[in-house]
$ cat upload25.txt   # compact mmCIF, C-alpha atoms and all ligand atoms
# COMPACT_ATOMS: atom_id res chain seq x y z
CA MET A 1 85.10 106.01 90.65
CA GLU A 2 88.81 107.06 91.23
CA ALA A 3 92.52 108.27 93.17
CA ALA A 4 96.69 110.85 93.85
CA GLY A 5 100.14 112.74 97.13
CA THR A 6 102.12 115.50 95.89
CA THR A 7 100.56 118.36 94.04
CA VAL A 8 99.19 117.21 90.73
CA ALA A 9 98.43 119.94 88.29
CA ALA A 10 94.94 119.82 86.92
CA GLY A 11 95.18 119.98 83.16
CA THR A 12 93.49 122.60 81.08
CA THR A 13 92.92 121.18 77.65
CA GLU A 14 91.12 122.44 74.63
CA ALA A 15 88.85 119.46 75.04
CA ALA A 16 87.98 120.33 78.62
CA LEU A 17 87.34 123.93 77.66
CA ALA A 18 85.16 122.79 74.80
CA CYS A 19 83.23 120.58 77.19
CA ASP A 20 82.71 123.36 79.70
CA SER A 21 81.64 125.83 77.07
CA VAL A 22 79.05 123.44 75.67
CA LEU A 23 77.49 122.93 79.05
CA SER A 24 77.75 126.45 80.34
CA ALA A 25 75.94 127.54 77.20
CA ALA A 26 73.03 125.30 78.20
CA PRO A 27 71.41 126.90 81.26
CA ALA A 28 68.04 127.27 79.58
CA LEU A 29 67.88 123.64 78.49
CA SER A 30 65.55 121.04 79.93
CA PRO A 31 67.10 118.28 82.07
CA GLU A 32 66.76 115.93 79.09
CA ALA A 33 68.63 118.37 76.87
CA ARG A 34 71.32 118.71 79.52
CA PHE A 35 71.91 114.98 79.32
CA GLU A 36 72.31 115.36 75.59
CA ALA A 37 74.73 118.23 76.20
CA ALA A 38 76.71 116.12 78.68
CA ALA A 39 76.85 113.21 76.27
CA HIS A 40 77.89 115.51 73.43
CA ALA A 41 80.51 117.18 75.61
CA ALA A 42 81.91 113.81 76.64
CA THR A 43 82.19 112.84 72.99
CA ALA A 44 83.55 116.20 71.92
CA ALA A 45 86.17 115.99 74.65
CA THR A 46 87.52 112.80 73.08
CA PRO A 47 89.82 113.27 70.07
CA SER A 48 88.32 111.68 66.97
CA PRO A 49 89.98 108.85 65.07
CA GLU A 50 92.41 110.20 62.52
CA SER A 51 94.86 107.54 61.49
CA PRO A 52 94.09 104.28 59.69
CA LEU A 53 96.06 102.60 62.46
CA THR A 54 93.82 103.59 65.31
CA ALA A 55 90.71 103.61 63.14
CA ALA A 56 91.33 99.86 62.66
CA ARG A 57 89.83 99.32 66.09
CA GLY A 58 87.76 102.46 66.20
CA LEU A 59 90.27 103.97 68.55
CA PRO A 60 90.67 107.68 68.99
CA HIS A 61 94.18 108.86 69.79
CA PRO A 62 95.71 111.76 71.69
CA ALA A 63 96.96 114.83 69.92
CA SER A 64 100.69 114.21 70.36
CA THR A 65 101.34 110.58 69.44
CA THR A 66 99.36 107.58 68.27
CA PRO A 67 99.27 104.93 71.02
CA LEU A 68 99.82 101.30 70.09
CA LEU A 69 98.22 100.17 73.34
CA GLY A 70 94.65 99.20 72.53
CA LEU A 71 95.50 97.67 69.14
CA GLY A 72 95.09 93.94 68.58
CA GLN A 73 97.62 91.58 67.11
CA ALA A 74 96.28 91.85 63.56
CA GLN A 75 96.42 95.64 63.67
CA LEU A 76 99.95 95.61 65.06
CA GLN A 77 101.05 93.19 62.34
CA GLN A 78 99.52 95.41 59.70
CA TRP A 79 101.17 98.48 61.19
CA ALA A 80 104.58 96.77 61.26
CA GLN A 81 104.16 95.81 57.60
CA ASP A 82 103.15 99.36 56.71
CA GLN A 83 106.42 100.40 58.30
CA GLY A 84 108.34 98.05 55.98
CA GLN A 85 108.85 95.43 58.70
CA PRO A 86 107.89 91.73 58.58
CA ALA A 87 104.53 90.81 60.17
CA PHE A 88 106.17 88.95 63.03
CA ARG A 89 107.41 92.30 64.38
CA GLY A 90 103.75 93.07 65.07
CA ARG A 91 103.45 89.85 67.06
CA GLN A 92 106.57 90.81 69.03
CA LEU A 93 105.08 94.23 69.75
CA HIS A 94 101.85 92.60 70.92
CA ASP A 95 103.75 90.28 73.26
CA TRP A 96 105.83 93.09 74.75
CA ILE A 97 102.96 95.54 75.13
CA TYR A 98 100.45 93.16 76.70
CA ALA A 99 102.31 90.20 78.20
CA LYS A 100 105.50 91.97 79.26
CA GLY A 101 103.98 95.39 79.93
CA ALA A 102 106.64 97.38 78.06
CA ARG A 103 106.37 101.11 78.71
CA SER A 104 108.40 102.38 75.75
CA LEU A 105 109.35 101.25 72.27
CA GLU A 106 113.01 101.67 73.23
CA ALA A 107 112.53 98.99 75.89
CA ILE A 108 111.43 96.41 73.32
CA THR A 109 114.92 95.11 72.70
CA VAL A 110 113.86 92.39 70.24
CA LEU A 111 113.03 95.09 67.69
CA PRO A 112 115.86 96.17 65.38
CA LYS A 113 117.83 99.09 66.79
CA THR A 114 117.57 101.03 63.55
CA TRP A 115 113.76 100.78 63.55
CA ARG A 116 113.53 101.84 67.18
CA ALA A 117 115.82 104.79 66.40
CA SER A 118 113.67 105.88 63.47
CA LEU A 119 110.51 105.61 65.57
CA SER A 120 112.11 107.75 68.30
CA ALA A 121 113.22 110.27 65.66
CA SER A 122 109.61 110.67 64.53
CA ALA A 123 108.60 112.13 67.91
CA GLY A 124 106.84 115.43 67.40
CA SER A 125 105.71 114.62 63.82
CA ASP A 126 102.22 113.45 62.80
CA GLN A 127 103.72 110.00 62.29
CA ALA A 128 104.82 109.79 65.92
CA VAL A 129 103.78 106.65 67.78
CA SER A 130 104.25 105.53 71.34
CA ILE A 131 103.02 102.65 73.41
CA GLY A 132 100.80 105.11 75.21
CA ARG A 133 101.44 104.02 78.81
CA LEU A 134 100.44 106.50 81.51
CA PRO A 135 103.01 107.64 84.09
CA LEU A 136 102.38 106.79 87.73
CA LEU A 137 101.94 110.02 89.73
CA HIS A 138 101.16 108.53 93.11
CA ARG A 139 100.60 105.20 94.83
CA SER A 140 98.62 104.65 97.99
CA ASP A 141 98.43 101.28 99.80
CA ALA A 142 95.81 100.46 102.40
CA ARG A 143 96.36 98.05 105.28
CA ASP A 144 93.87 95.61 103.79
CA GLY A 145 95.95 95.22 100.60
CA THR A 146 93.96 97.63 98.43
CA THR A 147 96.18 99.75 96.20
CA LYS A 148 95.19 103.04 94.59
CA LEU A 149 97.13 104.58 91.77
CA LEU A 150 96.97 108.08 90.37
CA LEU A 151 97.97 108.06 86.71
CA GLY A 152 98.77 111.03 84.49
CA THR A 153 97.49 111.56 80.96
CA ALA A 154 99.40 113.06 78.03
CA ASP A 155 97.39 116.28 78.33
CA GLY A 156 98.19 116.82 82.01
CA LEU A 157 95.08 115.37 83.65
CA SER A 158 95.02 112.66 86.31
CA LEU A 159 92.82 109.67 86.97
CA GLU A 160 92.39 107.08 89.68
CA THR A 161 92.44 103.31 89.45
CA VAL A 162 92.21 100.83 92.30
CA GLY A 163 93.38 97.23 92.75
CA ILE A 164 91.32 95.25 95.24
CA PRO A 165 92.72 91.81 96.18
CA SER A 166 90.46 89.18 97.70
CA GLY A 167 91.74 85.61 97.93
CA ASP A 168 92.50 84.44 94.40
CA ARG A 169 90.83 87.48 92.90
CA LEU A 170 92.33 90.80 91.96
CA THR A 171 89.67 93.26 90.89
CA VAL A 172 90.63 96.46 89.13
CA CYS A 173 88.22 99.36 89.55
CA VAL A 174 88.76 101.45 86.44
CA SER A 175 87.77 105.00 85.50
CA SER A 176 86.01 105.75 82.22
CA GLN A 177 86.24 109.56 82.40
CA VAL A 178 88.40 112.21 84.07
CA GLY A 179 85.87 113.61 86.50
CA CYS A 180 82.15 113.07 85.98
CA PRO A 181 79.23 115.30 84.96
CA MET A 182 76.60 113.36 86.92
CA ALA A 183 77.15 115.34 90.14
CA CYS A 184 75.96 112.68 92.61
CA ARG A 185 75.85 114.45 95.94
CA PHE A 186 77.70 111.78 97.92
CA CYS A 187 80.58 111.44 95.45
CA ALA A 188 83.98 113.19 95.48
CA THR A 189 84.33 112.80 91.71
CA GLY A 190 80.95 114.35 91.07
CA LYS A 191 82.05 117.45 93.00
CA GLY A 192 84.78 118.20 90.45
CA GLY A 193 82.68 117.86 87.29
CA LEU A 194 83.76 116.39 83.97
CA GLN A 195 87.10 117.14 82.33
CA ARG A 196 86.93 114.65 79.50
CA SER A 197 86.16 111.08 78.56
CA LEU A 198 89.03 108.62 78.61
CA LEU A 199 90.51 107.08 75.49
CA VAL A 200 90.71 103.33 75.04
CA HIS A 201 94.42 103.02 75.85
CA GLU A 202 93.89 105.12 79.00
CA ILE A 203 91.33 102.60 80.24
CA VAL A 204 93.39 99.53 79.33
CA ASP A 205 96.49 101.10 80.92
CA GLN A 206 94.78 101.10 84.31
CA VAL A 207 94.62 97.30 84.29
CA LEU A 208 98.26 97.01 83.19
CA SER A 209 99.34 99.55 85.82
CA ILE A 210 97.61 97.65 88.64
CA ARG A 211 99.16 94.39 87.38
CA GLU A 212 102.59 96.04 87.44
CA ALA A 213 102.13 97.75 90.81
CA MET A 214 100.69 94.72 92.59
CA ASP A 215 102.73 92.13 90.69
CA ARG A 216 99.60 90.03 90.13
CA ARG A 217 97.39 89.24 87.20
CA PRO A 218 94.01 91.00 87.53
CA SER A 219 91.05 88.63 87.33
CA HIS A 220 88.12 91.07 87.36
CA VAL A 221 87.46 94.57 86.06
CA VAL A 222 84.68 96.87 87.28
CA PHE A 223 83.89 100.17 85.57
CA MET A 224 83.08 101.85 88.88
CA GLY A 225 85.87 104.42 89.02
CA MET A 226 85.67 108.05 87.96
CA GLY A 227 83.04 108.83 85.37
CA GLU A 228 79.79 107.58 83.88
CA PRO A 229 80.63 104.71 81.48
CA LEU A 230 77.42 105.18 79.51
CA LEU A 231 78.68 108.61 78.42
CA ASN A 232 81.71 106.84 76.88
CA ILE A 233 80.18 103.64 75.52
CA GLU A 234 82.38 103.10 72.47
CA ALA A 235 85.66 103.46 74.38
CA VAL A 236 84.37 101.26 77.21
CA LEU A 237 83.37 98.50 74.78
CA ALA A 238 86.67 98.82 72.85
CA ALA A 239 88.56 98.51 76.17
CA ILE A 240 86.55 95.41 77.12
CA ASP A 241 87.33 93.96 73.69
CA CYS A 242 91.06 94.66 74.18
CA LEU A 243 91.14 93.27 77.75
CA CYS A 244 89.52 90.05 76.54
CA SER A 245 91.34 89.61 73.21
CA ASP A 246 94.77 90.92 74.14
CA LEU A 247 95.07 90.37 77.89
CA GLY A 248 93.11 87.12 77.97
CA MET A 249 90.53 88.29 80.51
CA ALA A 250 86.94 87.01 80.55
CA GLN A 251 84.02 89.28 79.73
CA ARG A 252 82.00 87.52 82.44
CA GLN A 253 84.47 88.86 85.02
CA MET A 254 83.69 92.45 84.07
CA THR A 255 81.06 94.86 85.34
CA VAL A 256 79.87 98.12 83.80
CA SER A 257 78.21 100.39 86.35
CA THR A 258 75.89 103.31 85.64
CA VAL A 259 73.64 105.73 87.51
CA GLY A 260 71.52 105.88 84.37
CA VAL A 261 71.65 108.06 81.28
CA PRO A 262 68.41 108.24 79.26
CA LYS A 263 68.31 106.19 76.05
CA THR A 264 71.72 104.61 76.53
CA LEU A 265 70.91 101.17 78.00
CA PRO A 266 69.44 99.78 74.76
CA THR A 267 72.40 101.33 72.91
CA LEU A 268 74.85 99.65 75.26
CA ALA A 269 73.15 96.29 74.74
CA GLU A 270 72.99 96.60 70.96
CA ARG A 271 76.52 97.96 70.55
CA ALA A 272 77.92 95.25 72.85
CA LEU A 273 76.30 92.57 70.70
CA GLU A 274 77.57 94.22 67.50
CA ARG A 275 81.05 94.96 68.74
CA LEU A 276 81.79 92.05 71.08
CA GLY A 277 79.46 89.43 69.60
CA ARG A 278 77.89 88.98 73.04
CA ALA A 279 77.15 91.03 76.14
CA GLN A 280 78.38 88.83 78.95
CA PHE A 281 79.64 91.52 81.28
CA THR A 282 77.44 92.40 84.23
CA LEU A 283 75.43 95.60 84.10
CA ALA A 284 75.24 97.25 87.54
CA VAL A 285 72.70 100.03 87.88
CA SER A 286 73.09 102.41 90.83
CA LEU A 287 69.70 103.09 92.42
CA HIS A 288 70.62 104.49 95.87
CA ALA A 289 66.96 105.22 96.65
CA PRO A 290 63.66 103.33 96.45
CA ASP A 291 61.69 106.29 95.09
CA GLN A 292 62.08 109.05 92.52
CA ARG A 293 61.94 111.92 95.00
CA LEU A 294 64.85 110.81 97.14
CA ARG A 295 66.76 109.50 94.14
CA GLN A 296 66.82 112.85 92.42
CA GLU A 297 67.89 114.49 95.66
CA LEU A 298 70.93 112.24 95.72
CA ILE A 299 71.53 112.12 91.96
CA PRO A 300 70.44 115.48 90.50
CA THR A 301 70.56 114.22 86.90
CA ALA A 302 67.96 111.56 87.82
CA SER A 303 65.28 114.24 87.53
CA ALA A 304 65.52 113.74 83.77
CA TYR A 305 65.25 109.96 84.07
CA PRO A 306 62.39 108.75 86.27
CA LEU A 307 63.13 105.62 88.30
CA ASP A 308 60.31 103.70 86.63
CA ALA A 309 61.68 104.57 83.17
CA LEU A 310 65.16 103.45 84.26
CA LEU A 311 63.78 100.12 85.50
CA GLU A 312 61.83 99.69 82.27
CA ASP A 313 65.07 100.23 80.30
CA CYS A 314 66.75 97.64 82.54
CA ARG A 315 64.05 95.13 81.56
CA HIS A 316 64.68 96.03 77.93
CA TYR A 317 68.41 95.48 78.45
CA VAL A 318 67.75 92.04 79.96
CA ALA A 319 65.50 91.16 77.01
CA ILE A 320 68.22 92.09 74.49
CA THR A 321 71.20 90.54 76.24
CA GLY A 322 69.66 87.72 78.30
CA ARG A 323 71.81 88.90 81.20
CA ARG A 324 70.61 89.69 84.70
CA VAL A 325 71.08 93.25 85.97
CA SER A 326 72.48 93.94 89.39
CA PHE A 327 71.54 97.00 91.43
CA GLU A 328 73.87 99.05 93.59
CA TYR A 329 72.58 100.86 96.66
CA ILE A 330 74.86 103.10 98.72
CA LEU A 331 73.59 103.17 102.29
CA LEU A 332 73.76 106.70 103.70
CA GLY A 333 73.21 106.85 107.45
CA GLY A 334 69.78 108.30 108.28
CA VAL A 335 69.02 109.11 104.64
CA ASN A 336 68.13 105.92 102.76
CA ASP A 337 68.92 103.12 105.23
CA HIS A 338 65.58 102.73 107.03
CA PRO A 339 63.83 99.31 106.89
CA ARG A 340 60.78 101.08 105.40
CA GLN A 341 62.98 102.11 102.49
CA ALA A 342 64.18 98.52 102.13
CA GLU A 343 60.52 97.45 101.93
CA ALA A 344 59.86 100.06 99.26
CA LEU A 345 62.92 98.92 97.31
CA ALA A 346 61.79 95.29 97.46
CA LYS A 347 58.39 96.36 96.15
CA LYS A 348 59.98 98.32 93.31
CA LEU A 349 62.07 95.32 92.26
CA ARG A 350 59.23 92.81 92.50
CA GLY A 351 59.24 90.45 89.52
CA PHE A 352 62.72 91.58 88.55
CA GLN A 353 65.34 88.90 88.41
CA SER A 354 68.09 90.89 90.05
CA HIS A 355 70.67 91.12 92.77
CA VAL A 356 71.13 94.10 95.10
CA ASN A 357 74.60 95.08 96.32
CA LEU A 358 74.53 97.21 99.45
CA ILE A 359 77.53 99.49 99.94
CA ALA A 360 78.10 101.38 103.20
CA TYR A 361 78.93 105.02 102.46
CA ASN A 362 82.56 106.16 102.87
CA PRO A 363 82.41 109.70 104.32
CA ILE A 364 84.11 112.41 102.23
CA ASP A 365 86.01 114.98 104.35
CA GLU A 366 83.59 117.86 104.62
CA GLU A 367 80.52 116.07 103.38
CA ASP A 368 77.59 115.79 105.72
CA PHE A 369 76.44 112.27 104.89
CA GLN A 370 77.17 109.65 107.51
CA ARG A 371 78.27 106.07 107.35
CA PRO A 372 75.32 103.82 108.34
CA SER A 373 75.54 101.81 111.56
CA ALA A 374 76.24 98.07 111.42
CA GLU A 375 72.72 97.49 112.79
CA ALA A 376 71.14 99.60 110.05
CA ILE A 377 73.05 97.71 107.35
CA GLU A 378 71.99 94.34 108.76
CA SER A 379 68.39 95.40 109.19
CA PHE A 380 68.23 96.70 105.59
CA ARG A 381 69.77 93.49 104.29
CA ARG A 382 67.42 91.31 106.33
CA THR A 383 64.34 93.25 105.16
CA LEU A 384 65.29 92.66 101.51
CA LEU A 385 66.08 89.00 102.11
CA ASP A 386 62.75 88.45 103.87
CA ARG A 387 61.08 89.76 100.72
CA HIS A 388 63.01 87.36 98.53
CA VAL A 389 65.39 89.91 97.05
CA ALA A 390 68.88 88.50 96.49
CA VAL A 391 71.21 90.81 98.37
CA SER A 392 74.83 91.08 99.43
CA VAL A 393 76.76 93.66 101.41
CA ARG A 394 79.96 94.77 99.74
CA ALA A 395 82.84 94.88 102.17
CA SER A 396 84.44 98.32 102.49
CA ARG A 397 88.03 98.19 101.30
CA GLY A 398 90.90 100.64 101.69
CA LEU A 399 89.09 102.81 104.22
CA ASP A 400 92.40 104.24 105.40
CA GLN A 401 93.36 105.32 101.91
CA ASP A 402 90.66 107.56 100.49
CA ALA A 403 88.76 104.53 99.31
CA ALA A 404 85.70 106.19 97.88
CA CYS A 405 85.42 107.36 94.33
CA GLY A 406 87.51 110.50 93.78
CA GLN A 407 88.80 110.93 97.32
CA LEU A 408 92.52 110.38 96.63
CA ARG A 409 92.59 112.58 93.54
CA ARG A 410 90.67 115.26 95.37
CA ARG A 411 92.97 115.17 98.38
CA LEU A 412 96.10 115.42 96.25
CA GLN A 413 94.74 118.11 94.00
CA GLY A 414 93.42 120.11 96.91
CA ALA A 415 89.78 119.85 97.85
CA PRO A 416 87.22 121.06 97.34
CA ASN A 417 87.30 121.54 93.59
CA PRO A 418 84.97 124.21 92.33
CA ALA A 419 82.08 122.58 90.51
CA PRO A 420 82.76 123.18 86.83
CA ALA A 421 80.26 124.32 84.30
CA ALA A 422 79.43 120.76 83.29
CA ALA A 423 78.04 119.78 86.68
CA LYS A 424 76.40 123.15 87.24
CA ALA A 425 74.67 123.01 83.89
CA ILE A 426 73.26 119.59 84.55
CA ALA A 427 72.10 120.47 88.03
CA GLN A 428 70.74 123.89 87.07
CA GLY A 429 67.03 124.19 87.40
CA LEU A 430 66.74 121.13 89.61
CA PRO A 431 65.22 121.49 93.06
CA ASP A 432 67.74 122.30 95.76
CA THR A 433 67.09 119.30 97.88
CA ALA A 434 69.99 118.61 100.17
CA PRO A 435 69.50 115.25 101.82
CA GLY A 436 69.18 114.83 105.51
S1 LIG J 501 78.92 108.26 91.75
FE1 LIG J 501 77.89 109.68 90.33
S2 LIG J 501 79.21 111.53 90.22
FE2 LIG J 501 80.44 109.83 91.12
S3 LIG J 501 81.54 108.94 89.36
FE3 LIG J 501 79.66 107.71 89.68
S4 LIG J 501 78.13 108.68 88.33
FE4 LIG J 501 79.82 110.14 88.54

$ encode --input "upload25.txt" --output "structure tokens"
Amino acid sequence: MEAAGTTVAAGTTEAALACDSVLSAAPALSPEARFEAAAHAATAATPSPESPLTAARGLPHPASTTPLLGLGQAQLQQWAQDQGQPAFRGRQLHDWIYAKGARSLEAITVLPKTWRASLSASAGSDQAVSIGRLPLLHRSDARDGTTKLLLGTADGLSLETVGIPSGDRLTVCVSSQVGCPMACRFCATGKGGLQRSLLVHEIVDQVLSIREAMDRRPSHVVFMGMGEPLLNIEAVLAAIDCLCSDLGMAQRQMTVSTVGVPKTLPTLAERALERLGRAQFTLAVSLHAPDQRLRQELIPTASAYPLDALLEDCRHYVAITGRRVSFEYILLGGVNDHPRQAEALAKKLRGFQSHVNLIAYNPIDEEDFQRPSAEAIESFRRTLLDRHVAVSVRASRGLDQDAACGQLRRRLQGAPNPAPAAAKAIAQGLPDTAPG
């Protein structure tokens, strides 16, 4: 999910070109193979770890400088010592990067001037380091307190992040990719395709940027911004690790949301246990339809991942992690909001210990889906409740500020974006089944 007001140049990176070429070379592939191609492209679009510094946390780094953001205290201490500094300089760096939110090494005035000068002098060399903070390109504030930020990456791309206040809570909706290859038909991000997966520091930065912009400490993080988190599992888990260890957030206050990528749910569960020691974040699976036919109309990539197989993988995930799964369901007026469809959904989820979140669709400018009526939302909710399905309706926030995934970025970059090769390749060969 995602956000940007003046013209923001869309970046053209080697990574993005590599990604597009992989997928455009795949028109003859089966839907399953296209998923593999999308996953490979997402990985290929992420620079690989090169320095011992970033490899310490399994962190890839951008081509120009190595970011310190994303490293833990032990790694920063080690790095300071490798630089000929005492270990406590690493602790000072940690404090300034995470607690004080420093944006540049020059701003960390407790560090010796000579060291800061030598670090600045290394700019442009392979030894160059930076904190890795992303510049703010645009800020958009809704009347209900929701704030959207458009942040720029070192390679000229842009991504959205959203801060959603509610009482004592401040939830940050973070992006895991720039764009998304999943091509969901109701989503502004899906219309632009995938540019690349985000790096760990680019995910963590979103939480720091919201904290800075809203002058409040975020309490919750949801991976529901731009991108499919399960095509960027390692970076998502590393970011969760960093947010918990270095920013003091709780894993239980985090949610990872997916529309489903074959074979990745067990991987997510196993890697979370290996990497984090536990998988306490909430897994939210986007269903959006009670049957396979409608689901693949709305989510073209779902044709390679039958609904029953997805639900079976959810059960597997629950068995591995011991955590309940929640299901997301975007209500599209006249498409999937009929009480009969609520009945079918309840039947599908029978025996599943789960919770369904209903979300009323936010219309995208020229899109032909409609927001459901208040009566339709209530009737859908009531039908599920009557069948003993735990359900809640998520309040729409920031409606006056391009609240839905990808709307702000799209508006500022000029909509519509042509669908890139990534999305086309995934959708190719699937039935042309426009909803309605
Ligand atoms: S709704 Fe679909 S296309 Fe949009 S970001 Fe999520 S997975 Fe990608």

$ residues_near_ligand --input "upload25.txt" --ligand "ligand LIG 501 (chain J)" --cutoff "6 Å" --atoms "all atoms listed in the file" --output "PyMOL selection string"
chain A and resi 1+180+182-184+187+189-190+226-228+259

$ write_last_selection --input "upload25.txt" --atoms "C-alpha atoms" --output "compact mmCIF listing (two decimals), in the coordinates of the input"
# COMPACT_ATOMS: atom_id res chain seq x y z
CA MET A 1 85.10 106.01 90.65
CA CYS A 180 82.15 113.07 85.98
CA MET A 182 76.60 113.36 86.92
CA ALA A 183 77.15 115.34 90.14
CA CYS A 184 75.96 112.68 92.61
CA CYS A 187 80.58 111.44 95.45
CA THR A 189 84.33 112.80 91.71
CA GLY A 190 80.95 114.35 91.07
CA MET A 226 85.67 108.05 87.96
CA GLY A 227 83.04 108.83 85.37
CA GLU A 228 79.79 107.58 83.88
CA VAL A 259 73.64 105.73 87.51

$ atom_distance --input "upload25.txt" --atom1 "atom CA of Ser257 of chain A" --atom2 "atom CA of Cys242 of chain A"
18.6 Å

$ residues_around --input "upload25.txt" --residues "Met224 of chain A" --least-positions-apart "6" --cutoff "10 Å" --atoms "all atoms listed in the file" --output "list in words"
Met1, Glu2, Thr161, Val162, Val172, Cys173, Val174, Ser175, Ser176, Thr255, Val256, Ser257, Thr258, Ala284 and Cys405 of chain A

$ residues_near_point --input "upload25.txt" --point "(74.4, 95.3, 96.4)" --cutoff "12 Å" --atoms "all atoms listed in the file" --output "PyMOL selection string"
chain A and resi 257+284-288+325-331+354-360+377+380-381+384-385+389-395

$ atom_distance --input "upload25.txt" --atom1 "atom CA of Glu160 of chain A" --atom2 "atom CA of Ala279 of chain A"
25.9 Å

$ closest_residue --input "upload25.txt" --among "A:Gln75, A:Ala188, A:Gly84, A:Leu69" --to "Val129 of chain A" --atoms "all atoms listed in the file"
A:Leu69

$ atom_distance --input "upload25.txt" --atom1 "atom CA of Ser120 of chain A" --atom2 "atom CA of Trp79 of chain A"
16.0 Å

$ closest_residue --input "upload25.txt" --among "A:Gly192, A:Gly145, A:Gly101, A:Pro218" --to "Gln253 of chain A" --atoms "all atoms listed in the file"
A:Pro218

$ closest_residue --input "upload25.txt" --among "A:Ala304, A:Ala107, A:Leu119, A:Leu332" --to "Ala374 of chain A" --atoms "only C-alpha atoms"
A:Leu332

$ closest_residue --input "upload25.txt" --among "A:Arg371, A:Arg216, A:Lys263, A:Arg275" --to "Ala309 of chain A" --atoms "only C-alpha atoms"
A:Lys263

$ closest_residue --input "upload25.txt" --among "A:Arg89, A:Arg133, A:Arg324, A:Lys100" --to "Pro112 of chain A" --atoms "all atoms listed in the file"
A:Arg89
